Every structure is written in C-alpha cells, then in structure tokens.
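Data block below; observations after.
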Amino acid sequence: MRALWGTMRAELVGAGGVVERNAYLTRRYIWWDIAWFIWTVANTLTIVFIAKGVESSGVEFDVNQYMTYLLIGAVVWAYLGVLFGFLMETVAWERWEGTIEYTFMAPLSRAMHLAGQGVFAIVYGIVRAVFLFGVCALFFSLSMPDANFLAALVVLAVASISFIGIGIMTSVLPLISPEKGTQLGFIAQGTLLVVSGVYYPVSVLPGWMQFLAKFSPATYALEGIRGAIIDGEGLSRMGDEIGPLLLIGAVSIPLGLWVFRRGELYAKRHGKLKRSG
Amino acid sequence: MTEPAVHVDALLKVFDVPEREAGLLAATKGLVRRKTRAVRAVDEISFSIEPGEVVGFLGPNGAGKTTTLKMLSGLLYPSGGEALVLGHVPSKRQRAFLSRITLVMGNRNQLQWDLPALDSYELNRAIYRIPREQFGAMRDELVELLDIGDLVRKPVRNLSLGERMKAEIVGALLHRPQVLFLDEPTIGLDVTMQKRIRAFVADYNARYGATVLLTSHYMADVEALCKRVVVIHHGRILYDGPLTGLADQFAAYKTIGVALENGNADLSQYGEVIHREGDWITLRVPKADTSSVTARLLTEEQVLDLNVEDPPIEDVIELVFAQEKPE
C-alpha cells in the first residue's frame, strides 16, 4: 500500500512538472496569449452581434436572452478550442520544437503526461473563458438576473473530463501522421461544432445529426450552462446533463488513453517519433 | 561475472519505405496502391558492452547507428532480435530503465527553445524524481564542469551551438544516468568545444563508472575516448574490437616514415611516396612487405631515422566505409 502511494505520489509530481512547464511557456508567450485573447473577443462579439442584426430586421424576440445564448455558445466553443489545442500540442508542438524524443523517453507514464497537459489546459481555459464571458457581457451590458454562475462553472469542469478524453484521441493524430495529423484533428472539433448546438438548438438539426449530438459532451455542456446562466437552474436539476457528461467522461478518458497508447506503439514501430521542421 | 550493461542479439529493424516513379501518373497510381520497399536499417547485429566501458559506434550516414541507439533507448521497437540495457527490455519503458539511461543527440534538443535551460531542468527534476538537494548539487556540479555558469539563465535560443550543446548535456545527465547513448554530441562544434566535451565525457565516465556508447564522425572524439569500436555499415557490423586493431583488419598497407642523409634520394622503388617534407619522406607499402622494405631501407640507404605506423584512423575508416554492401 505504501509502495503504491509512493508510486502515485511520484507520478503526480511528474504530472505537476508538465503543468509547471506549461506555466513557464504561457508566461513566456503572455503577449501572444493576450493578442489571441483580443482576437477571440472580437470573434465572439461578431457572433453575438448576429442577435442585434436579427433584431434590426424587425423580428420580435428577447434579444438579451438570445445574445446570452450566443455568447455562451461562443465562449464554450473557444474553451473547447483551448483544450483541444493544448492536447494536440502534446505531440505537434514537441515535434516542432524537436523535444519529442526526449519527452517520450522520460520516465513518466503516458497517463500522467497527458493528465499534466489536460489539467493545465482546463485551468488556463477556464480562466480565459471567464474573462471572455465577462468582457463580452459587459460590452453588451447583458442582463443575467437569474444566473447561477457557480453551477455553470461546475458543468464546464465536469464536461472538461469528456473533452479531455476526446482531445487525447485527437492528439494521437499528429503522432501517426506527422505531416497532416494536426489538420485531421480539426475534423473532430468541427464535428462537435456542427452537431452540439453551439449557436442553435439541437432540435433544428436533421434527425441523424440529432442522434450524433447525443454522443457529444458539448451538447450537454451547452444545455447545462445555458440552463444555469439563462434560467438560473441549480445542479440539483441538472441530472440530465451531468449524468451523460460523467458517463461520456468515464468512457472517453480510458478510451483516449488506449487510443494514444496504440498510436504511440504505431509511431515507435514505424519510426515516426521524430522532429519535423 | 558481471552482467553486460548493454546486450544486443540479432537486433533487426526493417522499415517499409514508400517508393514511386516520378510523374503525375505514378502519383495517381500511388493513391490507390502504395508501393513500399523493405529496408533493413539494422540487420541482425549483436554486441555487448560491459559496465563502465566507453565504446565508439562508427559508421557512415545511414549506416544504422541512430536507429540502433533509438532502439536501445526504447524510442523504436525492433522488428526482431533482442536488446537488453541494464537488464531491461528498452521497448517496455520500465521506469527503472528510463531513469538510468540518457540519449544525447547532437542535432536534437530536449531544452525548450524559448525558456532558460534552468526551467527545463526543473521539468527533468520532477519527471526523474530527483530529490531537490541532489538535483541542486548535480546541476551545479555539471554547470561547473562544463563551465556554462549563468548561461543556463538565458533563453536557449540566445545560446551559441556549443553553449546549447553543453546546456543539453547538463539536462541529460541531471538524473545521473548509468548508460549514456551519445549520438554525435560534438557535431558542428569548434575544436576547442569538442575537446571540452570529450574531456567532460571522460571525466563523467571516470567519476560515475558510466557506460558510454558514442557515435561521432570526428575520429578525434573516438581516439580520445574509446578503446573499443563497433563499426556498422549497411546495417551490419563489420568490426567489433580494439580501436588499434581496426587498421590490422582493414588497412592493406602501413606507412614508413624515413629521414635520410641524402634527403633528395628517390625512394619510389620501396613503395609509394605519399609525402615529402624536408628530409622526412613518408612511404606507403603493402602490409605484408613492411618488414622486408624496412630491412632494405636500413641496408641500402643511409637512414638517420625511421618509423613504421598504421595509416591514420580517418583513412582506415574511409577504407571500411568504402566497402560494398554484402549480399
């Protein structure tokens, strides 16, 4: 038991090292991050302005609610982009930096290596999402009298487990295809975007797409967060969202690790574990 | 009897290399049916290295050196055969194995380009679970030995090639590995820096009894560090033995240096004159004729001084590499 705890502690220290390295890199590139954040704010404002555009055409609806609806979609989408970005970089960035052989030679289990990447991505992504939401909400002076922000954050955190699982699966693509793997990862992101109701209700999709939406954690995350912020729902009324999120997370994390392990084996058999650029 | 630090038995690595003819038609055909060719990058090689031994691993580009080192570090899975490093199968990635070896590649980096080396060392401390006290002592010792002082506080991109290589070596040795795979660690460095790194490797080997497998295109590295060399070419081992024995096996000639009272004498009857500097003349003679030519020179000419040597190691290696691929 003591040996097991010792091993676990050591693994956690290793994962902490990966988190620490990401923190150093973020500090190093802080101005780029700020520039990217400004771009994301501009992009989000563009999306939220769609509600204003529809209002100007004479259609009568609750414009404040619709703007909040779009804002939540844009923020969750940006958050998902951060998570996927970090996990894709697990391989792609290291390949570019030329450090990939050393990272894969280090005595750190792959699960802890990816956990270190994932934990940093979640913390960084949530901080960024909170700022993005706040800036845009202030810009439009959105009114959210019933909002339960704590519940929204909890839903986002729970959804992150599933996102990380899917992200791990996509991060293997640059491992097995050094040239085009990163681009292939965008297919997974794009699929989630179209079926999960990021900017529209899932109910407007064709039947087969609604079926696919059931397997996307983003669907439940968006429903849960919108319920918490727009309708003020608490966690006790979110079983229909949190339950599937936990279930998808419980499946996607081990599946993601298994897929990554297979990809690593493939790369080591075919000599693809090397730098590019 | 001690267990070898590195044991390789019939180790094989085959890569499927895609190949096609030039042209649009061939490119289109390749989309449907991709032609590949099996290349035996490492072809059933066998050798053992004892603990504390420093062995040179020589071969021209594409001979299979880096592929072998990657298999020994667990970065590549062998297609066949067996490799054991410190009693572990490298491809199994056991912690006890990974935390006792290191691989330094002269044309790769483990340090993050935009961060000071110190930050990357911290990551190694966490990953290799080096106690803080031991980490600090080892880091300071290595920094002092390699004389890089405050350079480790600068972003790696601001360092010269030689400085970066030294910083890389510090990072690779922080966990005090017992087996060092050094893949051209002095590549591109100036002569002074090469010497310093050579001296450092020798010092590390002496201090910690580490086993070293070194590849280098610079024969000075090999001559300074390795008593034994393994020569690989076309994926196969051509020679495994003492560095001094390499010339015996591969060089078909020796050189005779001779100084005569009559410095202008014509010595072409004794062998090929390959160099003449002042009174000193260097002859190349077939190995089998060395003693008879020496005897003739001593009796027929007024010799002031004479020596018989193997050809320079660079020339011997060139002869080895010039060999055709065995069928």
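How things are named: the first chain in the structure tokens is A, the next is B, and so on; residues count from 1 in each chain; ligands count from 1 in the order shown.
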message = If the cut-off is 7 Å, can you tell me the residues of chain A near chain B, counting only C-alpha atoms? I'd like them as an MDAnalysis selection string.
response = chainID A and resid 10 13:14 17:18 21 98:99 101:102 105:108 268:271
request  = From a DSSP calculation on the backbone, collect every residue of stretch 142-307 of chain B in helix (DSSP H, G or I) and output the set as number ranges by chain.
outcome  = B: 142-145, 149-153, 156-158, 161-173, 191-208, 219-225, 245-250, 287-300
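Excluding stretch 47-61 of chain A itself and same-chain residues fewer than 2 positions from it, the residues having an atom within 12 Å of it are Thr40, Val41, Ala42, Asn43, Thr44, Leu45, Val63, Asn64, Gln65, Tyr66, Met67, Thr68, Tyr69, Leu70, Leu71, Ile72, Gly73, Ala74, Val75, Trp77, Phe133, Cys136, Ala137, Phe139, Phe140, Leu142, Val198, Tyr199 and Tyr200 of chain A, counting only C-alpha atoms.
Nearest to A:Val130 of all the residues A:Val195, A:Ile161, A:Ala78, A:Ile176 is A:Ala78, counting only C-alpha atoms.
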key: All residues 6 Å or closer to B:Glu44, only C-alpha atoms, same chain fewer than 5 positions away omitted, as an MDAnalysis selection string   = chainID B and resid 10:12
Please write the residues from the selection above to a file, keeping N, CA and C atoms, as a PDB file, in the first residue's frame.
ATOM      1  N   ALA B  10      21.196 -10.236 -32.399  1.00  0.00           N
ATOM      2  CA  ALA B  10      20.469 -10.336 -33.683  1.00  0.00           C
ATOM      3  C   ALA B  10      19.401  -9.244 -33.815  1.00  0.00           C
ATOM      4  N   LEU B  11      19.725  -8.063 -33.369  1.00  0.00           N
ATOM      5  CA  LEU B  11      18.758  -6.955 -33.393  1.00  0.00           C
ATOM      6  C   LEU B  11      18.477  -6.531 -34.838  1.00  0.00           C
ATOM      7  N   LEU B  12      17.183  -6.414 -35.120  1.00  0.00           N
ATOM      8  CA  LEU B  12      16.767  -6.147 -36.504  1.00  0.00           C
ATOM      9  C   LEU B  12      15.752  -5.014 -36.534  1.00  0.00           C
TER      10      LEU B  12
END
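For A:Gly234, the non-local neighbours within 9 Å, defined as residues at least 2 positions apart in the same chain or in other chains and counting only C-alpha atoms, are Asn148, Leu150, Ala151, Ala152, Gly227, Ala228, Gly232, Ser236, Arg237 and Met238 of chain A.
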request  = List every residue of stretch 128-303 of chain B that DSSP, applied to the backbone of this structure, places in strand (DSSP E), and write the result as a VMD selection string.
outcome  = chain B and resid 179 to 183 211 to 215 228 to 233 236 to 242 253 to 260 272 to 277 280 to 286 303
inquiry  = So that I can see what lies close to A:Thr90, please list as a PyMOL selection string the residues with an atom at most 10 Å from it, counting only C-alpha atoms and leaving out residues fewer than 3 positions away in the same chain.
reply    = chain A and resi 84-87+93-95+100+103+113-114+117-118+168+171-172+174-175
task = Might you pull out every residue within 10 Å of stretch 240-257 of chain A, with only C-alpha atoms counted and same-chain residues fewer than 2 positions away left off, and present them as an NGL selection string?
result = :A and (110-111 or 114 or 154-156 or 158-172 or 214-225 or 227 or 235-238 or 259-263)
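Distances here use only C-alpha atoms; by that measure, the residue among A:Val91, A:Ile126, A:Leu192, A:Leu153 closest to A:Ala267 is A:Val91.
The shortest atom-to-atom distance to B:Gly171, with only C-alpha atoms taken into account, belongs to B:Arg139 out of B:Arg196, B:Arg139, B:Arg153, B:His217.
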